[in-house]
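Visitor: Next up is a structure, given as structure tokens.
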Amino acid sequence: MLRLGPLAAAGRLLPAGPRLGLPCPSGGWVSLSRSRPPGPVGDRGLLARQVRAAAGSAGGGRSPALKTPKGTRDHPPAHVALRDRLLAAVVTCFKRHGAAAIDTPVLELRETLTGKYGEDTKLIYELQDQGGELLALRYDLTVPFARYLAMNKITNMKRYHVAKVYRRDNPATTRGRYREFYQCDFDIAGQFDPMIPDAECLKIVHEILSDLQLGDFIIKVNDRRILNGVFAVCGIPESKFITTCSTVDKLDKMPWEEVRSEMVGEKGLSPEAADHIGEYVQLHGGLDLIEQLLQDPKLSQNKLAKEGLGDMKLLFEYLTLFGITGKISFDLSLARGLDYYTGVIFEAVLLQPENDHVEEPVSVGSVAGGGRYDGLVGMFDPKGRKVPCVGVSIGIERIFSILEQRLKLRSEDEVR
Amino acid sequence: MLRLGPLAAAGRLLPAGPRLGLPCPSGGWVSLSRSRPPGPVGDRGLLARQVRAAAGSAGGGRSPALKTPKGTRDHPPAHVALRDRLLAAVVTCFKRHGAAAIDTPVLELRETLTGKYGEDTKLIYELQDQGGELLALRYDLTVPFARYLAMNKITNMKRYHVAKVYRRDNPATTRGRYREFYQCDFDIAGQFDPMIPDAECLKIVHEILSDLQLGDFIIKVNDRRILNGVFAVCGIPESKFITTCSTVDKLDKMPWEEVRSEMVGEKGLSPEAADHIGEYVQLHGGLDLIEQLLQDPKLSQNKLAKEGLGDMKLLFEYLTLFGITGKISFDLSLARGLDYYTGVIFEAVLLQPENDHVEEPVSVGSVAGGGRYDGLVGMFDPKGRKVPCVGVSIGIERIFSILEQRLKASGEKVRTTETQVLVTTPQKHLLAARLKLISELWDAGIKAEMLYKKDPKLLKQLQYCEDTGIPLAAIIGEQELTDGVVKLRDVATREEVDIPREKLVDEIRRRLEP
């Protein structure tokens with residue numbers, strides 16, 4: 001291969017176009033035909049030189065770094081086979097519930113994604129300004145769905161969407177987190193009687209996790225209104241609701257003491273307020289807990305909390321009819337990162353990470369999550385018309401990591 | 001919605017982070033809590049304001065332009081259903097020939113794509129420098145495949161890859177050209193006996209286009225060595241081979257006169273040379289043409305041309321054994337855009353664009369293309385080790401346009417869901433019964449839906465069945481509950497029969513799953 005030194009190392013694209021020469025360090029071009037005598041006319045070598053020259057003419061010439069971008073990976077045939085089976089199982093469940101598939105572009109206008117992801121906005125991959133619209137890669141499938149509904153003036157729809165999304169995370173690959181990964185979303189849009197579609201989303205999570213036989217799991221549910229009601233009765237000012245929320249969210253990873261310290265030390269809450277919050281957010285249970293909180297003297301004065309608790313009770317009644325409450329936990333510490341949730345929120349975690357018999361533990365965190373987001377479509381509609389939505393996203397990459405580990409252990413079974 | 005004027009119109013991302021205020025035109029923030037009195041604690045309005053504020057804090061606030069990026073489009077359910085059927089048919093053929101699927105990231109290092117696409121390099125979508133590696137969106141699936149082979153030191157592989165690629169074309173959407181579109185690639189990498197894998201690629205194109213019943217088609221084949229040999233004997237200097245190639249390539253869209261003018265006027269060839277080229281590149285035929293050219297006094301002196309013609313003859317012998325030469329044309333005008341082809345090249349075009357019975361003609365150009373590219377993997381390998389490759393790319397978007405038109409013309413309605421049963425009730429206060437029944441059906445794997453209403457009207461429920469094509473309705477009312485049965489209604493025939501509850505799943509399966 002021709003080695004071109006600093007010019008090539010700069011890696012910038014030289015002007016395209018067919019050239020048959022080497023760039024001179026001093027600029028200009030040295031014609032290849034002078035620096036190497038051409039072989040006999042018709043020599044196969046000519047073609048090879050043309051190919052190399054075409055490479056040389058655009059700043060290449062030396063072999064490029066042989067890697068995929070940070071946080072991404074190729075999928076060899078065994079991976080693809082396993083992944084396709086996994087996706088097929090998920091899609092089977094979505095179809096069982098009557099959803100229709102849509103697809104949207106991987107590119108969105110930057111302004112479509114602006115203002116939807118809070119602090120995570122910095123993780124969006126932006127495209128270079130090449131003289132046209134300012135674009136970015138989609139961060140999830142929910143915002144594109146809201147845009148799709150508003151664009152097409154759709155007021156009710158049950159859709160699923162299986163596709164890759166892009167986040168400039170700091171990937172910790174043993175935790176199954178990449179910058180390019182599949183999401184499997186199921187969402188119900190429309191104004192319906194309360195909690196019926198919400199219950200169906202939870203039923204879907206339960207079905208998928210059961211069908212995939214990943215071991216024991218639990219689905220935590222909470223409600224933004226209950227959380228905000230708790231904050232209010234604990235004397236937290238409205239302006240600190242969102243920031244308090246994100247601290248409470250860490251209770252699944254940090255013990256209460258640390259969470260409390262962050263509240264007081266970083267978020268500026270009074271110790272009394274923090275303690276007060278602690279009396280609530282460490283609670284979890286079922287219908288009994290809901291009843292208990294409905295009787296709570298302070299909470300029952302708070303309109304938002306009462307609303308949330310009332311809907312939570314209704315939800316549990318439906319989940320009981322669906323026969324799945326054994327795996328559901330009403331957990332007041334669940335907060336969820338995304339700002340656009342307005343009602344019920346939920347997250348599924350595996351209880352026994354598949355690491356009992358594996359040397360390095362595969363701690364994979366949540367495998368599904370979602371909630372109600374009634375205000376998102378209204379942000380797109382020119383008249384602000386709202387379309388209430390509820391949905392769930394299955395974390396297929398995490399599930400894939402677990403199954404991969406499992407297959408490695410059972411390596412006598414060849415995956416064709 | 002809050003209207004924020006010029007700041008929002010700038011569309012730039014403001015620093016992220018939770019803020020509850022409006023940007024002032026003069027800078028700084030006006031706290032929301034001062035400009036609007038907060039409602040009572042616990043007011044639902046608070047959440048709405050928080051959502052809007054989260055929007056406002058990052059430069060939005062007004063509704064964003066409601067569109068997909070130029071050259072891209074959403075795919076509603078009907079599209080996706082049709083497209084998935086199409087892709088499944090193509091993949092079936094790839095699998096029939098023993099290929100395994102791989103997948104690669106949509107992002108590649110810019111340097112991976114650099115220097116592979118010649119003049120088309122300007123059509124690559126680049127990512128902004130955000131402090132990390134310099135990235136771009138893949139332009140095709142061939143270069144990623146070559147990188148994959150080199151990275152993993154693979155010397156032979158038969159793979160297919162179905163995925164989207166990205167090109168900043170000027171899309172002409174009636175021609176079925178977009179900036180984001182699917183490609184279905186089948187490639188064979190490895191050092192093998194000549195022309196056998198090449199012939200299989202052509203067989204695959206023939207199978208797919210026949211299976212899809214797109215009407216009459218032709219697959220043009222040529223060889224870069226033959227073309228370069230022709231240029232050489234016509235006295236074209238080596239330095240002008242590539243540029244002459246790209247002009248010859250236009251013969252499928254422009255008449256010879258115009259192509260000749262471009263050669264003389266723009267590319268600087270002598271009129272004699274251009275005429276001489278014209279004697280060759282307007283030829284097309286079969287084995288007889290190959291024989292004729294092998295006898296050509298000038299061409300037979302050219303080593304490269306002889307090599308190419310010899311392989312072309314071998315190829316035609318294999319294609320004859322495959323029984324497909326009826327649709328193959330050795331066409332000396334075929335040049336193909338990409339620089340990395342080193343041997344045989346081919347392109348399939350439909351002969352009767354499906355526009356006889358459609359108002360606006362759908363002229364869709366080529367529907368598949370490919371060739372041999374023996375030097376590409378060597379450009380990635382640190383030691384320059386070569387892995388010869390040959391492959392084909394099926395232009396699924398163009399085929400999709402045709403099938404879409406056809407479907408529209410036929411008036412056939414395609415279902416977008418697969419629901420088998422709608423769980424319904426004719427009376428009020430039976431939500432619990434419906435929830436219980438539908439849960440039983442789902443747990444048994446039956447595809448079922450219900451309306452999200454506590455007390456829906458029966459007529460509305462049956463209408464939903466008709467609108468979405470659900471074949472059965474399971475009606476459960478007070479009487480049915482008492483009797484331990486479910487009334488199963490055939491939506492099309494309107495016949496109803498009472499089925500014992502425990503036999504319902506079997507009965508549904510019996511009717512719908514032969």
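Chain lettering (A, B, ...) mirrors the order of the structure tokens, residue numbering begins at 1 for each chain separately, and ligand numbering begins at 1 in order of display.
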What's the 10 Å shell around Leu403 (chain B), counting only C-alpha atoms, without same-chain residues fewer than 4 positions away, as JSON, numbers by chain?
Guide: {"B": [82, 83, 86, 212, 213, 214, 354, 397, 398, 399, 407, 408, 409]}
Visitor: Quick check for you: according to DSSP on this backbone, which residues of region 145-319 of chain B are classed as alpha helix (DSSP H)? Reply as number ranges by chain.
Guide: B: 145-151, 196-211, 224-233, 241-248, 256-261, 271-281, 287-295, 303-319
Visitor: Compare A:Ile188, A:Leu141, A:Leu321, A:Met157 by their minimum atom-to-atom distance to chain B, counting only C-alpha atoms, and give me the closest one.
Guide: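 Closest residue, counting only C-alpha atoms: A:Leu321.
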Visitor: Using only C-alpha atoms, find which residues of chain A lie within 6 Å of chain B and jot them down as a ChimeraX atom specification.
Guide: /A:16-17,42,55,58,60,63-64,66,69,74-77,96-98,100-104,108-109,111-112,115,118-119,126-128,151,192-193,196,229,302-304,321-322,379-380,382
Visitor: What is the CA of Leu409 (chain A) to CA of Ile208 (chain A) distance in Å?
Guide: 23.0 Å
Visitor: Would you pick out the contacts of Gln183 (chain A) at 9 Å or less, using only C-alpha atoms, so that residues sharing its chain but fewer than 2 positions from it are not included, and give the list as a list of chain:residue names?
Guide: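 Residues meeting the cut-off are A:Asp140, A:Leu141, A:His161, A:Val162, A:Ala163, A:Lys164, A:Val165, A:Phe181, A:Asp185, A:Ser393, A:Ile394, A:Gly395, A:Ile396, A:Glu397.
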Visitor: For the residues in the current selection, export N, CA and C atoms as a CSV table (one decimal), in the first residue's frame.
Guide:
chain,number,residue,atom,x,y,z
A,140,ASP,N,-34.6,7.7,20.6
A,140,ASP,CA,-35.5,6.7,21.0
A,140,ASP,C,-36.6,6.5,19.9
A,141,LEU,N,-37.6,5.7,20.2
A,141,LEU,CA,-38.6,5.6,19.2
A,141,LEU,C,-39.9,6.3,19.6
A,161,HIS,N,-42.8,-0.8,17.1
A,161,HIS,CA,-41.7,-0.3,16.2
A,161,HIS,C,-40.4,-1.0,16.8
A,162,VAL,N,-39.7,-1.8,16.0
A,162,VAL,CA,-38.5,-2.4,16.3
A,162,VAL,C,-37.4,-1.9,15.5
A,163,ALA,N,-36.5,-1.2,16.1
A,163,ALA,CA,-35.4,-0.5,15.3
A,163,ALA,C,-34.3,-0.1,16.2
A,164,LYS,N,-33.2,0.4,15.6
A,164,LYS,CA,-32.1,0.8,16.4
A,164,LYS,C,-32.1,2.3,16.7
A,165,VAL,N,-31.6,2.6,17.9
A,165,VAL,CA,-31.5,4.0,18.3
A,165,VAL,C,-30.1,4.3,18.7
A,181,PHE,N,-28.2,0.5,19.5
A,181,PHE,CA,-28.8,-0.7,20.0
A,181,PHE,C,-30.3,-0.7,19.6
A,185,ASP,N,-40.5,-1.2,20.8
A,185,ASP,CA,-41.5,-0.4,21.5
A,185,ASP,C,-42.9,-0.8,21.1
A,393,SER,N,-41.0,0.0,26.3
A,393,SER,CA,-39.8,-0.3,25.5
A,393,SER,C,-39.1,-1.5,26.1
A,394,ILE,N,-38.9,-2.5,25.2
A,394,ILE,CA,-38.2,-3.7,25.7
A,394,ILE,C,-36.7,-3.5,25.4
A,395,GLY,N,-35.9,-3.7,26.5
A,395,GLY,CA,-34.4,-3.6,26.4
A,395,GLY,C,-33.8,-4.8,25.8
A,396,ILE,N,-33.9,-5.0,24.5
A,396,ILE,CA,-33.5,-6.2,23.9
A,396,ILE,C,-32.0,-6.5,24.0
A,397,GLU,N,-31.2,-5.5,24.0
A,397,GLU,CA,-29.8,-5.7,24.0
A,397,GLU,C,-29.4,-6.4,25.4
Visitor: Run DSSP on the backbone and grab whatever in region 309-429 of chain B lands in strand (DSSP E or B); send it over as a ChimeraX atom specification.
Guide: /B:328-331,344-350,366-372,389-394,421-424
Visitor: So which residues touch region 203-211 of chain B within 10 Å, counting only C-alpha atoms, skipping near sequence neighbours fewer than 5 positions away, as a ChimeraX atom specification?
Guide: /B:89-94,96-97,186,197-198,216-219,318-319,322-325,327-328,347-350,367-370,392-394,399
Visitor: Using CA of Gly190 (chain A) and CA of Val491 (chain B) as the two end points, give the distance in Å to one decimal.
Guide: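 Separation of CA of Gly190 (chain A) and CA of Val491 (chain B): 25.1 Å.
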Visitor: So how many Å separate CA of Asp467 (chain B) and CA of Pro194 (chain A), to one decimal?
Guide: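 Separating CA of Asp467 (chain B) from CA of Pro194 (chain A) is a distance of 24.0 Å.
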Visitor: Need the shell around Ser329 (chain A): protein/DNA/RNA residues with any atom at most 12 Å away, counting only C-alpha atoms. Skip same-chain ones fewer than 3 positions apart. Format as a PyMOL selection string?
Guide: chain A and resi 202+217-222+283-290+312+315-316+319+324-326+332-334+345-349
Visitor: Counting only C-alpha atoms, what is within 8 Å of Gln183 (chain B), bar same-chain residues fewer than 3 positions away, as a count of residues only?
Guide: 11
